[in-house]
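Q: Below is the structure I would like to discuss, written out as structure tokens.
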Amino acid sequence: MGLTSAHPASPAQQPLEALNGSSPGAWAVGNPPSRRYPWGLLCFPTPTMITFFSATFRSSSKPVCSLTGCSTAFLIACSLLLAGTSASAQSSPGPQMGLARTQLTAGMHRLDVQLAQTPEQRQIGLMWRKDMPVHEGMLFVFEQATTQCFWMRNTLIPLTAAFVEEDGTIVNLADMQPQSDDSHCSSKPVRFVLEMNQGWFAKRQVKPGAKLGGTLFSKRPS
């Protein structure tokens, strides 16, 4: 999910821009050529070395610098490119699984929920989760009661959101479909939103007006 009001959801992470003919390159010191045709920098890592091959031509088809003279610069550029690609792979989007947890009750049912308490945690929410155990969910905790609106961008599983007052009373419920930018809002200002697998509340006859139990609901914002 993502927030559409207080904390708008970020667009999906932008892909790395590939090197292309319009990208700035490393040029020899001196007067720049009137036209440049960067043919590119190719890196071929092997167990013992990286082989470089680069050619940059003026309109006269004369190389701006020799392969030998530019080898150090290209070695550095290639190393940075490979390091950047590696870092990008490591930082690719994924579900947040290490959040703090708390126990809630809904009548006779016990819930084990993750806590989304910071703006970043709330913004990511359950994005990129491929599944979620039946009695697990995520509780979004806000600093003060306001009208909260959620969408489902980058969210892969259908959810039901319960908009919850400070004392744990459910104000309204909203079924939300995966990968949808439709906005689902609380019918009045709330401090909490509980997301569960879609249909969890309906199957257990938990309706608006029901009261959830949990230590967080007895706390006042500082």
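A note on labels: chains of the structure tokens are A, B, ... as shown, every chain counts residues from 1, and ligands are counted from 1 in their shown order.
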What lies within 8 Å of Arg129 (chain A) using only C-alpha atoms, ignoring chain neighbours under 4 positions off, as an NGL selection string?
A: :A and (94-95 or 155-157)
Q: The selected residues should be written to file as a CSV table (one decimal), in the first residue's frame (atoms: N, CA and C atoms).
A:
```
chain,number,residue,atom,x,y,z
A,94,GLY,N,12.1,-4.1,-2.1
A,94,GLY,CA,11.7,-5.3,-1.5
A,94,GLY,C,10.8,-5.1,-0.3
A,95,PRO,N,10.1,-6.1,0.2
A,95,PRO,CA,9.2,-5.9,1.4
A,95,PRO,C,10.0,-5.6,2.6
A,155,THR,N,1.7,-2.8,-4.4
A,155,THR,CA,1.2,-3.8,-3.5
A,155,THR,C,0.6,-4.9,-4.2
A,156,LEU,N,1.1,-6.2,-3.9
A,156,LEU,CA,0.8,-7.3,-4.8
A,156,LEU,C,-0.4,-8.2,-4.2
A,157,ILE,N,-0.8,-8.0,-3.0
A,157,ILE,CA,-1.8,-8.8,-2.4
A,157,ILE,C,-3.0,-8.0,-2.1
```
Q: Contacts of region 207-221 of chain A at 12 Å or less, counting only C-alpha atoms, minus same-chain residues fewer than 3 places along, as a PDB file with C-alpha atoms, in the first residue's frame?
A:
```pdb
ATOM      1  CA  ARG A 101       5.606  -6.045  16.109  1.00  0.00           C
ATOM      2  CA  THR A 102       2.772  -5.953  18.576  1.00  0.00           C
ATOM      3  CA  GLN A 103      -0.203  -8.124  19.533  1.00  0.00           C
ATOM      4  CA  LEU A 104      -3.794  -7.008  18.940  1.00  0.00           C
ATOM      5  CA  THR A 105      -7.130  -8.642  19.615  1.00  0.00           C
ATOM      6  CA  ALA A 106     -10.374  -8.523  17.661  1.00  0.00           C
ATOM      7  CA  GLY A 107     -12.936 -10.280  19.818  1.00  0.00           C
ATOM      8  CA  MET A 108     -11.606 -13.807  20.336  1.00  0.00           C
ATOM      9  CA  HIS A 109      -9.010 -13.458  17.582  1.00  0.00           C
ATOM     10  CA  ARG A 110      -5.371 -12.604  18.205  1.00  0.00           C
ATOM     11  CA  LEU A 111      -3.336 -10.694  15.640  1.00  0.00           C
ATOM     12  CA  ASP A 112       0.413 -10.410  15.209  1.00  0.00           C
ATOM     13  CA  VAL A 113       0.999  -7.133  13.384  1.00  0.00           C
ATOM     14  CA  LEU A 115       4.165  -1.517  13.215  1.00  0.00           C
ATOM     15  CA  GLN A 117       5.516   4.194  12.742  1.00  0.00           C
ATOM     16  CA  LEU A 139      -0.766  -1.334  11.896  1.00  0.00           C
ATOM     17  CA  PHE A 140      -0.020   2.201  10.735  1.00  0.00           C
ATOM     18  CA  VAL A 141       0.526   4.542  13.662  1.00  0.00           C
ATOM     19  CA  PHE A 142       0.174   8.295  13.134  1.00  0.00           C
ATOM     20  CA  GLU A 143       1.186  11.147  15.419  1.00  0.00           C
ATOM     21  CA  GLN A 144      -2.271  12.692  15.401  1.00  0.00           C
ATOM     22  CA  ALA A 145      -5.768  11.939  14.161  1.00  0.00           C
ATOM     23  CA  THR A 160      -8.747  -4.761   3.719  1.00  0.00           C
ATOM     24  CA  ALA A 161      -7.965  -1.572   5.623  1.00  0.00           C
ATOM     25  CA  ALA A 162      -9.619  -0.892   8.963  1.00  0.00           C
ATOM     26  CA  PHE A 163      -9.542   2.785   9.914  1.00  0.00           C
ATOM     27  CA  VAL A 164      -9.284   2.868  13.688  1.00  0.00           C
ATOM     28  CA  GLU A 165      -9.883   5.573  16.278  1.00  0.00           C
ATOM     29  CA  GLU A 166      -7.496   6.250  19.122  1.00  0.00           C
ATOM     30  CA  ASP A 167      -9.426   4.002  21.502  1.00  0.00           C
ATOM     31  CA  GLY A 168      -9.362   1.069  19.071  1.00  0.00           C
ATOM     32  CA  THR A 169     -12.851   1.491  17.581  1.00  0.00           C
ATOM     33  CA  ILE A 170     -13.114   0.620  13.881  1.00  0.00           C
ATOM     34  CA  VAL A 171     -14.593   3.588  11.998  1.00  0.00           C
ATOM     35  CA  ASN A 172     -14.882   2.037   8.538  1.00  0.00           C
ATOM     36  CA  LEU A 173     -13.461  -0.756   6.391  1.00  0.00           C
ATOM     37  CA  ALA A 174     -12.212  -0.634   2.798  1.00  0.00           C
ATOM     38  CA  SER A 186     -11.223   7.078   6.553  1.00  0.00           C
ATOM     39  CA  SER A 187     -14.725   8.449   7.091  1.00  0.00           C
ATOM     40  CA  VAL A 190      -8.143   8.480  12.834  1.00  0.00           C
ATOM     41  CA  ARG A 191      -4.723   7.740  14.315  1.00  0.00           C
ATOM     42  CA  PHE A 192      -4.476   4.103  13.248  1.00  0.00           C
ATOM     43  CA  VAL A 193      -5.017   2.035  10.110  1.00  0.00           C
ATOM     44  CA  LEU A 194      -4.870  -1.761  10.267  1.00  0.00           C
ATOM     45  CA  GLY A 199     -11.821 -10.564   3.688  1.00  0.00           C
ATOM     46  CA  TRP A 200     -10.291 -11.189   7.119  1.00  0.00           C
ATOM     47  CA  PHE A 201     -12.753  -8.880   8.916  1.00  0.00           C
ATOM     48  CA  ALA A 202     -15.813 -10.028   6.914  1.00  0.00           C
ATOM     49  CA  LYS A 203     -15.130 -13.728   7.549  1.00  0.00           C
ATOM     50  CA  ARG A 204     -15.003 -13.090  11.304  1.00  0.00           C
TER      51      ARG A 204
END
```
Q: Choose the residue, out of A:Met176, A:Leu99, A:Cys185, A:Val134, that has the smallest atom-to-atom separation from Gln121 (chain A); count only C-alpha atoms.
A: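 Between A:Met176, A:Leu99, A:Cys185, A:Val134, the residue approaching Gln121 (chain A) most closely is A:Leu99.
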Q: Find the distance between CA of Met97 (chain A) and CA of Pro178 (chain A) and write it in Å to one decimal.
A: 19.0 Å
Q: What's the separation between CA of Thr147 (chain A) and CA of Thr118 (chain A), in Å to one decimal place?
A: 17.2 Å
